[in-house]
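Asker: Structure provided below as structure tokens; questions to follow.
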Amino acid sequence: MIEVDHISKRYGSKDAVIDVSFAVKDGEILGFLGPNAAGKTTTMRILTGYIPPTAGTARIEGLDILTQSLDTRRLIGYLPENPPLYGEMTVESYLHFVAKIKGISSADRPRKVEEILVKCRLVDASQEGGDYRRRLIKHLSKGYRQRVGLAQALIHDPKILILDEPTVGLDPKQIIEVRELIKNLAGTHTVILSTHILPEVSMTCHRVVIINKGRIVAEDTPENLTLQLHGGDRLIVEIKGQLEAVKSRIQALPGVLEMASKPLNGGGAHELTLEVSTDRSVRNAVARAVLESGAELWSLRPVSMSLEDIFLQLTTSEQEIEGAPETPTTATPATDGADAPES
Amino acid sequence: MKNIWAILEREYSNYFVSPIAYVVTTIFLLVMGFFFYNILRLIVQNSMMAAMQSQQFGGGMPPIDVPSVVTRNFFETLSTVLLFMLPMTTMGLFTEEKKQGTIELLLTSPLTSVQIVLGKFLASVAFFLSMLAPTLLYFVLMQAYSQPRFPWSPVFSGYLGILLLGGSLIALGAFISTLTENQIIASVSTFGVFLILWVLDFATHSGDSKLGDALNYLSVLNHFDDFSKGVIDTTHIIFYLSFMTFALLLTLRSFESMRWRQ
């Protein structure tokens, strides 16, 4: 259980995260979605105790991240954006070190390290040269570094996992493996994962929080988001015939919310894009309307709105809205010069 | 305690995976070997000349106590050489963690800042000791060839002083390495600060003012003189221990403030 309670973070005069609150239930996988520099990493860093928030707090399993930081850190496995690896160490000695500082007893350590090596496919008996135990981390490829980073986060079997873009830099096969790995953690682990790859969210996450410019702009299940924000489906209709006649008939139908048309290459054919309510009977009505107007119906296909569309719509409209009210805040001089960032 | 040990162990072995440790140790031992040989040669020569003179002109000159003079000169040289060598051992302590991003692992693990700082400090001291250990051989060799045997106590007090001085300088170097992300900047500024501490020692010889006295007291090398003479004075021990504690507290504060400076 993670409860984020009105967290804000300012870097000098720049707001990185503004009044963010959300909760993640036990065993749930939460996708943290947003464009670059939206505040995803900052929020995760605050939750893991790496940096303190300027205002607000969060509770992990009921423990406060500020006043019970050591206890909450024990519960968390964290994979930062850049895996924190010591290049000069071998994979095995690095994992032993991590196991030690995460408080795994010396009796359990060899077993835990061995388990995680297999789990993260750093040791693969079926493959030639599949044993990465003694390889120096600096000689590993990006994908394998990411695996070591994941192993580091999972080694002490933490209740809470915070993964900052876990699939970045992996090849498609590895991405699938990592997603499977994360999905298998659901139920027993509470996971927050950030990404800007949208299919990843619909594939792995139970719930999505979309964050933009430091603020939460949407929070729901991937399916609900699609429905809620668009109130329905999209239909693509290709016709040939009297465009205006068809248009006026379709417009008159009750389930049609919006319509746009563009000519298809040559021959008087047109493509209509309709935003319609989820009621399936609308499709039927649309088809009838086209035929009744005497036009040819070439095709009619539903396109479900992808998360990409929602995401783009949310993050771009947010930018436009934000422009005006944001100005006074940014114009006020920074009073807390003490914690101005170096970077 | 277990956590301090974990940090110490990793940091210590880290010295030996990069060429820095080998280069520093080799150069240090070459330089010290050169000094030891020349100090020994010069003093033995002088003492023989003195002995010959007293034989020729009869009595007057007491014989020179070669081992104690050698010991004293050796430790004085060693204390100066440390100013040049120790910045290399502390420059990477915190800079590398910041540069590689591994600081994020340490700060999000259930470790306290005190454990991290102490672990790193002790690792650096441990490396310093392993660099220093082979110089004991010089005294073993000198003992083997000296007639009569000389007492070990001045050697012991010398090493005690070197350990305290080295520890103080390492603590200061550790503090400086928390301030930057760049190893070269860390090592150059550490070296600069050490040099100033050394020059403080020079400056005080000319002044008789109160300020001169104060500077004289603050000079880290000044407190070492008695140790090299075989005198163990608690004033100096307390000076070094408080210097070390102060520098480590600064390191701790600076390290903790890193969370705010991200």
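Chain labels A, B, ... are given in the sequence in which chains occur in the structure tokens; within each chain residues are numbered consecutively from 1, and ligands are likewise numbered from 1 in the order shown.
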Neighbours of segment 172-183 of chain B within 10 Å (only C-alpha atoms; same-chain residues fewer than 4 positions away dropped), as a VMD selection string?

Answerer: chain B and resid 86 to 100 117 120 to 121 124 166 to 168 187 to 191 193 to 194 243 to 258

Asker: I need the residues from that last selection saved to file as a compact mmCIF listing (two decimals), in the first residue's frame (with N, CA and C atoms), if you can.

Answerer:
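The new file again_1.txt reads:
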# COMPACT_ATOMS: atom_id res chain seq x y z
N LEU B 86 48.12 11.22 -0.27
CA LEU B 86 46.78 10.95 0.23
C LEU B 86 45.64 11.52 -0.62
N PRO B 87 45.84 12.66 -1.31
CA PRO B 87 44.73 13.12 -2.16
C PRO B 87 44.30 12.08 -3.19
N MET B 88 45.26 11.25 -3.64
CA MET B 88 44.91 10.21 -4.63
C MET B 88 44.01 9.14 -4.02
N THR B 89 44.14 8.92 -2.73
CA THR B 89 43.34 7.85 -2.13
C THR B 89 41.94 8.33 -1.73
N THR B 90 41.77 9.62 -1.58
CA THR B 90 40.45 10.09 -1.16
C THR B 90 39.63 10.69 -2.29
N MET B 91 40.28 10.98 -3.42
CA MET B 91 39.58 11.75 -4.46
C MET B 91 38.35 11.03 -5.01
N GLY B 92 38.37 9.69 -5.00
CA GLY B 92 37.25 8.98 -5.61
C GLY B 92 36.14 8.60 -4.64
N LEU B 93 36.37 8.85 -3.35
CA LEU B 93 35.46 8.31 -2.32
C LEU B 93 33.99 8.61 -2.61
N PHE B 94 33.67 9.88 -2.83
CA PHE B 94 32.27 10.22 -3.07
C PHE B 94 32.03 10.66 -4.52
N THR B 95 33.09 11.18 -5.16
CA THR B 95 32.91 11.66 -6.53
C THR B 95 32.44 10.55 -7.45
N GLU B 96 33.02 9.36 -7.30
CA GLU B 96 32.68 8.27 -8.21
C GLU B 96 31.24 7.81 -8.01
N GLU B 97 30.80 7.81 -6.75
CA GLU B 97 29.41 7.40 -6.48
C GLU B 97 28.45 8.35 -7.20
N LYS B 98 28.81 9.64 -7.16
CA LYS B 98 27.92 10.62 -7.78
C LYS B 98 27.95 10.46 -9.29
N LYS B 99 29.15 10.25 -9.82
CA LYS B 99 29.30 10.20 -11.26
C LYS B 99 28.62 8.95 -11.84
N GLN B 100 28.81 7.82 -11.17
CA GLN B 100 28.23 6.57 -11.69
C GLN B 100 26.74 6.44 -11.33
N VAL B 117 29.47 7.16 5.56
CA VAL B 117 30.67 8.00 5.70
C VAL B 117 31.76 7.25 6.45
N LYS B 120 33.35 4.43 4.32
CA LYS B 120 34.26 4.93 3.30
C LYS B 120 35.55 5.45 3.92
N PHE B 121 35.41 6.17 5.03
CA PHE B 121 36.60 6.71 5.71
C PHE B 121 37.50 5.56 6.14
N SER B 124 39.38 3.91 3.36
CA SER B 124 40.51 4.70 2.91
C SER B 124 41.68 4.57 3.88
N GLY B 166 47.65 10.75 9.01
CA GLY B 166 47.02 10.23 7.79
C GLY B 166 45.51 10.22 7.93
N GLY B 167 45.02 9.76 9.08
CA GLY B 167 43.59 9.71 9.32
C GLY B 167 42.96 11.09 9.20
N SER B 168 43.64 12.10 9.77
CA SER B 168 43.12 13.46 9.71
C SER B 168 43.06 13.95 8.27
N SER B 187 40.92 15.90 -6.32
CA SER B 187 42.30 15.63 -5.92
C SER B 187 43.13 16.92 -5.91
N VAL B 188 42.91 17.80 -6.88
CA VAL B 188 43.68 19.04 -6.91
C VAL B 188 43.32 19.92 -5.71
N SER B 189 42.01 20.02 -5.39
CA SER B 189 41.68 20.89 -4.25
C SER B 189 42.14 20.28 -2.94
N THR B 190 42.07 18.95 -2.84
CA THR B 190 42.56 18.32 -1.62
C THR B 190 44.06 18.61 -1.46
N PHE B 191 44.77 18.45 -2.56
CA PHE B 191 46.20 18.71 -2.53
C PHE B 191 46.47 20.16 -2.14
N VAL B 193 44.57 22.18 -0.35
CA VAL B 193 44.29 22.40 1.08
C VAL B 193 45.41 21.81 1.94
N PHE B 194 45.90 20.64 1.56
CA PHE B 194 47.00 20.03 2.31
C PHE B 194 48.23 20.94 2.26
N PHE B 243 40.56 16.88 15.11
CA PHE B 243 40.64 17.27 13.69
C PHE B 243 39.84 16.27 12.84
N MET B 244 40.11 14.99 13.11
CA MET B 244 39.46 13.92 12.34
C MET B 244 37.95 13.96 12.54
N THR B 245 37.53 14.10 13.79
CA THR B 245 36.11 14.12 14.10
C THR B 245 35.43 15.30 13.40
N PHE B 246 36.09 16.45 13.48
CA PHE B 246 35.53 17.65 12.86
C PHE B 246 35.38 17.45 11.35
N ALA B 247 36.45 16.94 10.73
CA ALA B 247 36.40 16.75 9.27
C ALA B 247 35.33 15.72 8.90
N LEU B 248 35.18 14.68 9.74
CA LEU B 248 34.18 13.66 9.44
C LEU B 248 32.77 14.21 9.62
N LEU B 249 32.60 15.10 10.59
CA LEU B 249 31.29 15.73 10.77
C LEU B 249 30.94 16.59 9.56
N LEU B 250 31.95 17.31 9.07
CA LEU B 250 31.73 18.11 7.86
C LEU B 250 31.34 17.20 6.70
N THR B 251 32.05 16.08 6.58
CA THR B 251 31.75 15.13 5.51
C THR B 251 30.31 14.65 5.61
N LEU B 252 29.92 14.33 6.83
CA LEU B 252 28.58 13.81 7.08
C LEU B 252 27.52 14.84 6.69
N ARG B 253 27.73 16.09 7.13
CA ARG B 253 26.78 17.15 6.81
C ARG B 253 26.68 17.35 5.30
N SER B 254 27.85 17.42 4.68
CA SER B 254 27.89 17.66 3.24
C SER B 254 27.25 16.49 2.49
N PHE B 255 27.50 15.27 2.98
CA PHE B 255 26.93 14.10 2.34
C PHE B 255 25.41 14.11 2.47
N GLU B 256 24.93 14.46 3.66
CA GLU B 256 23.48 14.49 3.85
C GLU B 256 22.82 15.57 3.00
N SER B 257 23.55 16.68 2.82
CA SER B 257 22.97 17.77 2.05
C SER B 257 22.86 17.42 0.56
N MET B 258 23.54 16.34 0.16
CA MET B 258 23.45 15.91 -1.24
C MET B 258 22.01 15.61 -1.64

Asker: Using only C-alpha atoms, which protein or nucleic acid residues come within 9 Å of segment 83-85 of chain B? Drop anything in the same chain fewer than 6 positions from it, and give the result as a ChimeraX atom specification.

Answerer: /B:24-25,27-28,166,169,191,194-195,198

Asker: Applying 7 Å and only C-alpha atoms, which residues near Val286 of chain A remain after dropping the ones on its own chain fewer than 4 positions away? List them as a list in words.

Answerer: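 Residues meeting the cut-off are Ile250, Val282 and Val290 of chain A.
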
Asker: Which residues of chain A sit at most 9 Å from chain B, using only C-alpha atoms? Give each one's shortest atom pair and distance in Å (one decimal place), in chain and ascending residue order, as a Markdown table.

Answerer:
| residue | atom | partner | partner_atom | distance |
| --- | --- | --- | --- | --- |
| A:Tyr11 | CA | B:Gln262 | CA | 8.9 |
| A:Arg45 | CA | B:Thr108 | CA | 8.7 |
| A:Thr48 | CA | B:Thr108 | CA | 5.9 |
| A:Gly49 | CA | B:Thr108 | CA | 5.8 |
| A:Tyr50 | CA | B:Thr108 | CA | 5.4 |
| A:Ile51 | CA | B:Arg259 | CA | 5.0 |
| A:Pro52 | CA | B:Arg259 | CA | 7.1 |
| A:Ser69 | CA | B:Pro110 | CA | 8.1 |
| A:Leu70 | CA | B:Pro110 | CA | 5.1 |
| A:Asp71 | CA | B:Pro110 | CA | 7.2 |
| A:Thr72 | CA | B:Pro110 | CA | 8.2 |
| A:Arg73 | CA | B:Pro110 | CA | 5.3 |
| A:Arg74 | CA | B:Pro110 | CA | 5.4 |
| A:Ile76 | CA | B:Thr108 | CA | 8.4 |
| A:Gly77 | CA | B:Ser109 | CA | 8.7 |
| A:Tyr78 | CA | B:Thr108 | CA | 7.7 |
| A:Leu79 | CA | B:Leu105 | CA | 8.7 |
| A:Pro80 | CA | B:Glu104 | CA | 7.6 |
| A:Asn82 | CA | B:Gly101 | CA | 7.1 |
| A:Pro83 | CA | B:Gly101 | CA | 7.7 |
| A:Pro84 | CA | B:Thr102 | CA | 4.2 |
| A:Leu85 | CA | B:Thr102 | CA | 6.0 |
| A:Tyr86 | CA | B:Thr102 | CA | 6.9 |
| A:Gly87 | CA | B:Gln100 | CA | 8.3 |
| A:Glu88 | CA | B:Val17 | CA | 6.5 |
| A:Met89 | CA | B:Asn14 | CA | 8.0 |
| A:Tyr94 | CA | B:Arg10 | CA | 8.8 |
| A:Phe97 | CA | B:Ala6 | CA | 6.8 |
| A:Val98 | CA | B:Leu105 | CA | 8.5 |
| A:Lys100 | CA | B:Ala6 | CA | 6.4 |
| A:Ile101 | CA | B:Asn3 | CA | 5.9 |
| A:Lys102 | CA | B:Ser109 | CA | 6.1 |
| A:Gly103 | CA | B:Pro110 | CA | 7.7 |
| A:Asp339 | CA | B:Trp260 | CA | 6.1 |
| A:Ala340 | CA | B:Arg261 | CA | 7.0 |
| A:Pro341 | CA | B:Arg261 | CA | 5.2 |
| A:Glu342 | CA | B:Arg261 | CA | 6.0 |
| A:Ser343 | CA | B:Gln262 | CA | 7.0 |

Asker: Determine, counting only C-alpha atoms, which protein, DNA and RNA residues have an atom within 12 Å of an atom of segment 77-80 of chain B; residues of the same chain fewer than 6 positions away are not included. Present the result as number ranges by chain.

Answerer: B: 28-29, 31-36, 38-39, 70-71, 86, 132, 135, 158-169, 191, 194-195, 197-199, 201, 220-225, 227-228

Asker: Output as JSON, numbers by chain all residues of segment 60-261 of chain A that backbone DSSP marks as strand (DSSP E or B).

Answerer: {"A": [60, 63, 64, 76, 77, 78, 79, 90, 123, 131, 136, 160, 161, 162, 163, 164, 186, 189, 190, 191, 192, 193, 194, 195, 207, 208, 209, 210, 211, 212, 215, 216, 217, 218, 219, 220, 232, 233, 234, 235, 236, 237, 238, 239, 240, 256, 257, 258, 259, 260, 261]}

Asker: Pick out the closest residue to Ser153 of chain B from this set: B:Ala50, B:Ile232, B:Leu137, B:Leu40. Count only C-alpha atoms.

Answerer: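 The shortest atom-to-atom distance to Ser153 of chain B comes from B:Ile232.
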
Asker: Taking 6 positions as the minimum chain separation for residues in the same chain, which residues sit within 12 Å of Val69 of chain B when counting only C-alpha atoms? Answer as a VMD selection string.

Answerer: chain B and resid 36 39 to 44 46 to 47 63 75 to 76 150 154 to 155 228 to 230

Asker: May I have the residues from that selection written out with C-alpha atoms, as a PDB file, in the first residue's frame?

Answerer:
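The resulting result16.pdb:
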ATOM      1  CA  PHE B  36      65.234   5.770   3.625  1.00  0.00           C
ATOM      2  CA  ILE B  39      68.918   9.132   5.069  1.00  0.00           C
ATOM      3  CA  LEU B  40      70.537   5.976   6.356  1.00  0.00           C
ATOM      4  CA  ARG B  41      73.621   6.386   4.118  1.00  0.00           C
ATOM      5  CA  LEU B  42      74.132  10.049   5.098  1.00  0.00           C
ATOM      6  CA  ILE B  43      73.760   9.496   8.803  1.00  0.00           C
ATOM      7  CA  VAL B  44      75.957   6.419   8.870  1.00  0.00           C
ATOM      8  CA  ASN B  46      78.350  11.330   9.367  1.00  0.00           C
ATOM      9  CA  SER B  47      78.544   9.089  12.378  1.00  0.00           C
ATOM     10  CA  PRO B  63      78.772   8.909  19.433  1.00  0.00           C
ATOM     11  CA  PHE B  75      59.093   9.939   9.718  1.00  0.00           C
ATOM     12  CA  GLU B  76      59.483  13.642   9.062  1.00  0.00           C
ATOM     13  CA  PHE B 150      67.792  -0.389  18.940  1.00  0.00           C
ATOM     14  CA  PRO B 154      60.321   5.329  18.590  1.00  0.00           C
ATOM     15  CA  VAL B 155      59.279   3.378  15.488  1.00  0.00           C
ATOM     16  CA  SER B 228      58.839  11.342  15.146  1.00  0.00           C
ATOM     17  CA  LYS B 229      61.083  12.017  18.139  1.00  0.00           C
ATOM     18  CA  GLY B 230      59.499   9.110  19.971  1.00  0.00           C
TER      19      GLY B 230
END

Asker: What does the distance from atom CA of Leu161 of chain A to atom CA of Leu75 of chain A come to in Å, to one decimal?

Answerer: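 Atom CA of Leu161 of chain A sits 8.5 Å away from atom CA of Leu75 of chain A.
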
Asker: Apply DSSP to the structure's backbone, then extract all residues of segment 91-181 of chain B labelled helix (DSSP H, G or I) and return them as JSON, numbers by chain.

Answerer: {"B": [95, 96, 97, 98, 99, 100, 103, 104, 105, 106, 107, 108, 113, 114, 115, 116, 117, 118, 119, 120, 121, 122, 123, 124, 125, 126, 127, 128, 129, 130, 131, 132, 133, 134, 135, 136, 137, 138, 139, 140, 141, 142, 143, 144, 145, 153, 154, 155, 156, 157, 158, 159, 160, 161, 162, 163, 164, 165, 166, 167, 168, 169, 170, 171, 172, 173, 174, 175, 176, 177]}

Asker: Expressed in Å to a single decimal, how great is the separation between atom CA of Thr54 of chain A and atom CA of Glu219 of chain A?

Answerer: 23.1 Å

Asker: Grab the atom CA of Lys159 of chain A to atom CA of Thr190 of chain A distance for me, in Å with one decimal place.

Answerer: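 Distance reported for this atom pair: 6.2 Å.
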